[in-house]
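J.: This is target_20.cif (mmCIF, C-alpha atoms and all ligand atoms).
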```cif
data_protein
loop_
_atom_site.label_atom_id
_atom_site.label_comp_id
_atom_site.auth_asym_id
_atom_site.auth_seq_id
_atom_site.Cartn_x
_atom_site.Cartn_y
_atom_site.Cartn_z
CA MET S 1 18.73 10.31 -2.15
CA LYS S 2 16.03 11.89 -4.29
CA LEU S 3 12.71 10.08 -4.42
CA ALA S 4 9.76 10.50 -6.81
CA ILE S 5 6.61 9.19 -5.13
CA PHE S 6 3.56 7.78 -6.93
CA ASN S 7 0.42 7.17 -4.86
CA GLY S 8 -1.85 4.63 -6.59
CA SER S 9 -4.85 4.81 -4.25
CA PRO S 10 -8.28 5.67 -5.69
CA ARG S 11 -8.76 7.67 -2.46
CA GLY S 12 -5.85 9.93 -3.46
CA ASN S 13 -5.24 12.69 -0.95
CA ASN S 14 -7.54 11.00 1.57
CA SER S 15 -5.87 7.59 1.42
CA ASN S 16 -4.22 5.27 3.90
CA THR S 17 -1.41 5.07 1.34
CA LYS S 18 -0.82 8.80 1.81
CA ILE S 19 -0.66 8.44 5.60
CA LEU S 20 1.93 5.64 5.41
CA LEU S 21 3.95 7.53 2.81
CA SER S 22 3.99 10.69 4.92
CA HIS S 23 5.66 8.82 7.80
CA PHE S 24 8.16 7.22 5.42
CA GLN S 25 8.93 10.67 3.99
CA LYS S 26 9.46 12.11 7.48
CA GLY S 27 12.12 9.46 8.17
CA LEU S 28 13.71 9.89 4.76
CA GLU S 29 14.05 13.64 5.19
CA ARG S 30 15.53 13.20 8.66
CA ALA S 31 18.27 11.16 6.96
CA GLY S 32 18.95 13.99 4.49
CA GLY S 33 16.92 12.53 1.63
CA SER S 34 14.33 14.47 -0.33
CA VAL S 35 11.13 13.94 -2.27
CA THR S 36 11.20 15.50 -5.74
CA SER S 37 7.53 14.92 -6.59
CA ILE S 38 4.38 13.27 -5.23
CA ASP S 39 1.94 12.20 -7.92
CA TYR S 40 -1.57 10.93 -7.26
CA LEU S 41 -2.44 8.49 -10.03
CA ILE S 42 -6.16 9.16 -9.42
CA GLN S 43 -5.54 12.54 -11.06
CA GLU S 44 -5.61 11.00 -14.50
CA LYS S 45 -5.68 14.35 -16.24
CA HIS S 46 -2.06 14.76 -15.11
CA LEU S 47 -1.01 11.42 -16.62
CA GLU S 48 1.43 13.00 -19.08
CA GLU S 49 3.21 14.90 -16.29
CA GLN S 50 3.19 11.79 -14.08
CA VAL S 51 4.85 9.72 -16.81
CA LYS S 52 7.45 12.48 -17.26
CA HIS S 53 8.24 12.46 -13.52
CA PHE S 54 8.55 8.68 -13.62
CA LYS S 55 10.88 8.60 -16.60
CA GLU S 56 13.10 11.39 -15.28
CA ALA S 57 13.34 10.11 -11.69
CA GLU S 58 16.49 8.62 -10.26
CA THR S 59 14.64 6.58 -7.61
CA ILE S 60 10.93 5.76 -7.76
CA PHE S 61 8.54 4.80 -4.98
CA LEU S 62 5.26 3.34 -6.27
CA ALA S 63 2.78 2.76 -3.44
CA PHE S 64 -0.78 1.45 -3.65
CA PRO S 65 -3.47 -0.52 -1.80
CA LEU S 66 -4.51 -4.05 -2.65
CA TYR S 67 -7.90 -3.93 -4.38
CA VAL S 68 -9.68 -7.20 -5.16
CA ASP S 69 -6.46 -9.18 -4.67
CA SER S 70 -4.63 -7.02 -7.16
CA MET S 71 -3.66 -3.43 -7.89
CA PRO S 72 -6.20 -0.65 -8.52
CA GLY S 73 -7.01 -0.27 -12.23
CA MET S 74 -5.37 3.15 -12.41
CA VAL S 75 -2.04 1.66 -11.28
CA LYS S 76 -2.23 -0.92 -14.08
CA GLN S 77 -3.15 1.83 -16.52
CA PHE S 78 -0.15 3.87 -15.38
CA ILE S 79 2.17 0.86 -15.74
CA GLU S 80 0.84 0.21 -19.23
CA THR S 81 1.29 3.87 -20.17
CA ILE S 82 4.94 3.65 -19.09
CA GLY S 83 5.06 0.59 -21.38
CA ASN S 84 8.33 -0.89 -22.58
CA PHE S 85 10.59 1.48 -20.72
CA ASP S 86 14.35 1.03 -20.42
CA GLY S 87 15.04 2.21 -16.86
CA SER S 88 18.66 1.02 -16.73
CA GLY S 89 20.50 2.72 -13.86
CA LYS S 90 17.26 3.66 -12.08
CA LYS S 91 16.04 2.22 -8.82
CA ILE S 92 12.52 1.42 -7.70
CA LEU S 93 10.75 0.40 -4.51
CA PHE S 94 7.13 -0.50 -3.90
CA LEU S 95 4.62 -0.46 -1.08
CA VAL S 96 1.61 -2.78 -1.24
CA GLN S 97 -0.70 -2.23 1.74
CA SER S 98 -3.94 -4.09 2.27
CA GLY S 99 -7.02 -4.39 4.42
CA PHE S 100 -6.93 -8.10 5.22
CA PRO S 101 -4.61 -8.88 8.12
CA GLU S 102 -2.53 -11.58 6.35
CA ALA S 103 0.32 -10.73 3.97
CA VAL S 104 -0.32 -13.84 1.86
CA HIS S 105 -2.94 -11.91 -0.15
CA SER S 106 -0.31 -9.53 -1.53
CA MET S 107 2.21 -12.15 -2.67
CA GLU S 108 1.01 -12.47 -6.27
CA VAL S 109 1.23 -8.71 -6.71
CA LYS S 110 4.67 -8.72 -5.11
CA ASN S 111 5.87 -11.34 -7.63
CA TYR S 112 4.40 -9.30 -10.46
CA LEU S 113 6.23 -6.17 -9.26
CA LEU S 114 9.55 -8.04 -9.10
CA LEU S 115 9.01 -9.18 -12.68
CA LEU S 116 7.96 -5.70 -13.76
CA SER S 117 11.18 -4.17 -12.38
CA LYS S 118 13.16 -6.65 -14.47
CA ARG S 119 11.16 -5.77 -17.57
CA TRP S 120 11.89 -2.09 -16.93
CA LYS S 121 15.56 -3.01 -16.35
CA MET S 122 15.41 -1.24 -12.99
CA GLU S 123 17.01 -2.32 -9.76
CA CYS S 124 14.18 -3.26 -7.39
CA LEU S 125 15.27 -2.13 -3.92
CA CYS S 126 12.35 -3.79 -2.15
CA VAL S 127 8.64 -4.47 -2.07
CA ILE S 128 7.24 -3.39 1.28
CA VAL S 129 4.13 -5.42 2.12
CA LYS S 130 1.88 -4.20 4.92
CA PRO S 131 -1.39 -6.00 5.68
CA GLY S 132 -4.10 -4.92 8.13
CA VAL S 133 -4.09 -1.23 7.23
CA GLU S 134 -7.82 -0.55 6.78
CA GLY S 135 -9.18 1.45 9.69
CA ILE S 136 -5.98 3.34 10.53
CA LYS S 137 -7.86 6.61 10.17
CA ILE S 138 -10.38 5.76 12.87
CA MET S 139 -8.05 3.86 15.21
CA PRO S 140 -6.93 5.60 18.42
CA GLU S 141 -3.38 6.92 18.28
CA MET S 142 -2.05 4.18 20.57
CA MET S 143 -3.07 1.57 17.98
CA THR S 144 -1.30 3.19 15.04
CA ARG S 145 1.76 4.63 16.82
CA LYS S 146 3.86 1.52 16.30
CA LEU S 147 3.03 1.24 12.59
CA PHE S 148 3.73 4.92 11.93
CA LYS S 149 7.03 4.72 13.82
CA LYS S 150 7.99 1.68 11.75
CA MET S 151 7.21 3.50 8.50
CA GLU S 152 9.29 6.46 9.69
CA PHE S 153 12.10 4.09 10.65
CA MET S 154 11.94 2.50 7.18
CA GLY S 155 12.16 5.93 5.54
CA ASN S 156 15.13 6.84 7.72
CA GLU S 157 16.93 3.57 7.03
CA PHE S 158 16.26 3.94 3.35
CA GLY S 159 17.58 7.50 3.37
CA MET S 160 20.79 6.40 5.07
CA LYS S 161 21.48 3.01 3.44
CA ARG S 162 19.56 3.28 0.13
CA LYS S 163 18.08 -0.14 0.81
CA LEU S 164 15.96 -1.87 3.42
CA ASP S 165 16.86 -4.78 5.59
CA GLU S 166 14.92 -8.01 4.93
CA LYS S 167 14.49 -8.51 8.69
CA ASP S 168 12.84 -5.09 9.08
CA LEU S 169 10.61 -5.76 6.09
CA ALA S 170 9.55 -9.11 7.56
CA LYS S 171 8.62 -7.44 10.86
CA LEU S 172 6.35 -4.99 9.07
CA SER S 173 4.69 -7.53 6.79
CA GLY S 174 3.64 -10.09 9.39
CA PRO S 175 1.66 -12.19 9.82
CA TYR S 176 2.01 -14.08 6.53
CA LYS S 177 -0.92 -16.25 7.62
CA PHE S 178 -2.80 -16.40 10.93
CA SER S 179 -1.60 -19.02 13.42
CA LYS S 180 -4.14 -21.60 14.63
CA PHE S 181 -4.41 -19.66 17.88
CA ARG S 182 -5.21 -16.38 16.13
CA LEU S 183 -7.68 -18.14 13.87
CA GLY S 184 -9.43 -19.41 17.01
CA VAL S 185 -9.52 -15.92 18.52
CA PHE S 186 -10.82 -14.54 15.24
CA GLY S 187 -13.56 -17.20 15.18
CA LEU S 188 -14.69 -16.00 18.62
CA MET S 189 -14.63 -12.38 17.49
CA GLN S 190 -16.84 -13.31 14.56
CA LYS S 191 -19.34 -14.92 16.89
CA THR S 192 -19.56 -11.76 19.01
CA GLY S 193 -19.78 -9.54 15.91
CA ILE S 194 -16.70 -7.45 16.93
CA SER S 195 -14.86 -8.41 13.73
CA ASN S 196 -17.66 -6.85 11.66
CA PHE S 197 -17.85 -3.63 13.64
CA TYR S 198 -15.97 -1.46 11.11
CA TRP S 199 -17.73 -2.89 8.05
CA ASP S 200 -21.18 -2.71 9.66
CA LYS S 201 -20.53 0.91 10.58
CA ASN S 202 -19.76 1.71 6.93
CA LEU S 203 -22.77 -0.26 5.68
CA LYS S 204 -25.01 1.73 8.02
CA LYS S 205 -23.42 5.01 6.98
CA ASN S 206 -24.28 4.17 3.36
CA ASN S 207 -27.81 2.91 4.14
CA ALA S 208 -26.83 -0.58 2.95
CA PHE S 209 -26.83 -2.49 6.24
CA GLU S 210 -30.26 -4.09 5.68
CA LYS S 211 -29.16 -5.20 2.21
CA ARG S 212 -25.93 -6.89 3.31
CA PHE S 213 -27.12 -10.41 2.51
CA ASP S 214 -28.75 -9.51 -0.82
CA ALA S 215 -27.86 -11.85 -3.66
CA PRO S 216 -29.52 -10.31 -6.74
CA TYR S 217 -27.93 -12.79 -9.16
CA ALA S 218 -28.52 -15.90 -7.03
CA ASN S 219 -31.19 -17.26 -9.38
C1 LIG S 301 -12.95 -1.83 -3.64
C2 LIG S 301 -11.99 -2.34 -2.59
C3 LIG S 301 -11.39 -3.57 -2.75
C4 LIG S 301 -10.50 -4.06 -1.78
N1 LIG S 301 -9.93 -5.29 -1.96
C5 LIG S 301 -9.08 -5.77 -1.02
C6 LIG S 301 -8.49 -7.06 -1.17
O1 LIG S 301 -8.73 -7.78 -2.13
N2 LIG S 301 -7.65 -7.50 -0.19
C7 LIG S 301 -7.36 -6.75 0.92
O2 LIG S 301 -6.60 -7.21 1.76
N3 LIG S 301 -7.89 -5.51 1.07
C8 LIG S 301 -8.74 -5.01 0.14
N4 LIG S 301 -9.29 -3.76 0.29
C9 LIG S 301 -8.88 -2.95 1.45
C10 LIG S 301 -7.79 -1.92 1.09
O3 LIG S 301 -6.67 -2.53 0.54
C11 LIG S 301 -7.37 -1.17 2.36
O4 LIG S 301 -8.49 -0.61 2.94
C12 LIG S 301 -6.34 -0.11 2.10
O5 LIG S 301 -5.76 0.31 3.31
C13 LIG S 301 -6.95 1.10 1.39
O6 LIG S 301 -5.92 2.01 1.16
P1 LIG S 301 -6.15 3.46 0.54
O7 LIG S 301 -6.94 4.25 1.54
O8 LIG S 301 -4.78 3.99 0.34
O9 LIG S 301 -6.89 3.27 -0.76
C14 LIG S 301 -10.19 -3.28 -0.64
C15 LIG S 301 -10.80 -2.02 -0.49
C16 LIG S 301 -11.70 -1.56 -1.44
C17 LIG S 301 -12.34 -0.20 -1.25
#
```
Could you take the file, read its structure, and then write that structure out as structure tokens?

T.:
Amino acid sequence: MKLAIFNGSPRGNNSNTKILLSHFQKGLERAGGSVTSIDYLIQEKHLEEQVKHFKEAETIFLAFPLYVDSMPGMVKQFIETIGNFDGSGKKILFLVQSGFPEAVHSMEVKNYLLLLSKRWKMECLCVIVKPGVEGIKIMPEMMTRKLFKKMEFMGNEFGMKRKLDEKDLAKLSGPYKFSKFRLGVFGLMQKTGISNFYWDKNLKKNNAFEKRFDAPYAN
């Protein structure tokens, strides 16, 4: 199993996408698979080389974060540069990871990717959806251990079976939507301000905390 990886995060080398992919790769290599190339789509000056890697690859892994309920612009640009490609005989898998904790936000993109694989005449092996990923860089190890192990497991499974089990995918992509109980807990967290901790920290870091309720176009 030879895999060409494309990372579609605007954060490139510093991205959550990269962290998740590295665990997947670890599992894949343990199963005897290998990665032929890792391209960061943010490096637009390498677009020609990236397209070449894509067109020559036997199996492609396109991974990106959800930005504004869709894919980052550079991912769309890359897809459009590939254009009307006949990828008959090739296989593709995707990872869509997002900040919001419910998978429902990624479903439109997932449907688009399934359609795109058909247009490219490629066999879509799976679309991995993982919500709730923002913050993994600052979380203590005990909070990310399970997720990283799951990504490694996925890579290993994929290396051995060349596909991923729907049950395993479902475990990773939950919850689709919050249950009433979790919504209640979340409501309480909002009241205490805990749910805003991460965002407030970033607002303060960027001297924007005092401006968080600004509405310059309100009138
Ligand atoms: C500009 C921007 C827009 C975002 N839009 C969404 C969104 O619509 N839905 C969501 O669930 N997460 C959204 N996020 C959160 C990212 O998907 C999440 O933080 C992801 O893990 C970032 O991955 P990366 O580090 O690989 O870029 C957004 C983040 C940024 C910076």

J.: Please measure the separation of CA of Glu102 (chain S) and CA of Arg212 (chain S), giving the value in Å to one decimal.

T.: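 Atom-to-atom, CA of Glu102 (chain S) to CA of Arg212 (chain S), that is 24.1 Å.
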
J.: Counting all atoms listed in the file, name the residues that have an atom within 7 Å of an atom of ligand LIG 301 (chain S); the answer should be given as a list of chain:residue names.

T.: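 After applying the 7 Å limit, what remains is S:Ser9, S:Pro10, S:Arg11, S:Asn14, S:Ser15, S:Asn16, S:Thr17, S:Lys18, S:Phe64, S:Pro65, S:Leu66, S:Tyr67, S:Val68, S:Asp69, S:Ser70, S:Gln97, S:Ser98, S:Gly99, S:Phe100, S:Pro101, S:His105, S:Pro131, S:Val133, S:Glu134.
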
J.: Give me the residues near Leu164 (chain S) as a PDB file with C-alpha atoms, in the frame of the given file, where near means some atom within 8 Å (using all atoms listed in the file) and where sequence neighbours in that chain fewer than 5 positions away do not count.

T.:
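Final output, out_37.pdb:
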```pdb
ATOM      1  CA  LEU S 125      15.270  -2.130  -3.920  1.00  0.00           C
ATOM      2  CA  CYS S 126      12.350  -3.790  -2.150  1.00  0.00           C
ATOM      3  CA  MET S 154      11.940   2.500   7.180  1.00  0.00           C
ATOM      4  CA  GLU S 157      16.930   3.570   7.030  1.00  0.00           C
ATOM      5  CA  PHE S 158      16.260   3.940   3.350  1.00  0.00           C
ATOM      6  CA  LEU S 169      10.610  -5.760   6.090  1.00  0.00           C
TER       7      LEU S 169
END
```

J.: Quick one: distance from CA of Val109 (chain S) to CA of Val129 (chain S) in Å, one decimal?

T.: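 So the answer is 9.9 Å.
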
J.: Interatomic distance between CA of Arg119 (chain S) and CA of Lys2 (chain S)?

T.: 22.6 Å

J.: Can you list, as a tab-separated table (two decimals) with C-alpha atoms, keeping the file's coordinate frame, every protein, DNA or RNA residue that comes within 9 Å of region 33-47 of chain S when you count all atoms listed in the file, leaving out same-chain residues fewer than 6 positions away?

T.:
```tsv
chain	number	residue	atom	x	y	z
S	1	MET	CA	18.73	10.31	-2.15
S	2	LYS	CA	16.03	11.89	-4.29
S	3	LEU	CA	12.71	10.08	-4.42
S	4	ALA	CA	9.76	10.50	-6.81
S	5	ILE	CA	6.61	9.19	-5.13
S	6	PHE	CA	3.56	7.78	-6.93
S	7	ASN	CA	0.42	7.17	-4.86
S	8	GLY	CA	-1.85	4.63	-6.59
S	9	SER	CA	-4.85	4.81	-4.25
S	10	PRO	CA	-8.28	5.67	-5.69
S	11	ARG	CA	-8.76	7.67	-2.46
S	12	GLY	CA	-5.85	9.93	-3.46
S	13	ASN	CA	-5.24	12.69	-0.95
S	25	GLN	CA	8.93	10.67	3.99
S	27	GLY	CA	12.12	9.46	8.17
S	53	HIS	CA	8.24	12.46	-13.52
S	57	ALA	CA	13.34	10.11	-11.69
S	74	MET	CA	-5.37	3.15	-12.41
S	75	VAL	CA	-2.04	1.66	-11.28
S	78	PHE	CA	-0.15	3.87	-15.38
S	81	THR	CA	1.29	3.87	-20.17
S	156	ASN	CA	15.13	6.84	7.72
S	158	PHE	CA	16.26	3.94	3.35
S	159	GLY	CA	17.58	7.50	3.37
S	160	MET	CA	20.79	6.40	5.07
```

J.: Using only C-alpha atoms, determine which residues lie at most 10 Å from Pro175 (chain S), disregarding the query and same-chain residues fewer than 3 positions distant; provide the list as a VMD selection string.

T.: chain S and resid 101 to 104 130 to 132 170 to 172 178 to 179

J.: So which one's closest to Ser117 (chain S), S:Lys177, S:Lys26, S:Lys91, S:Lys137? Using only C-alpha atoms, please.

T.: S:Lys91
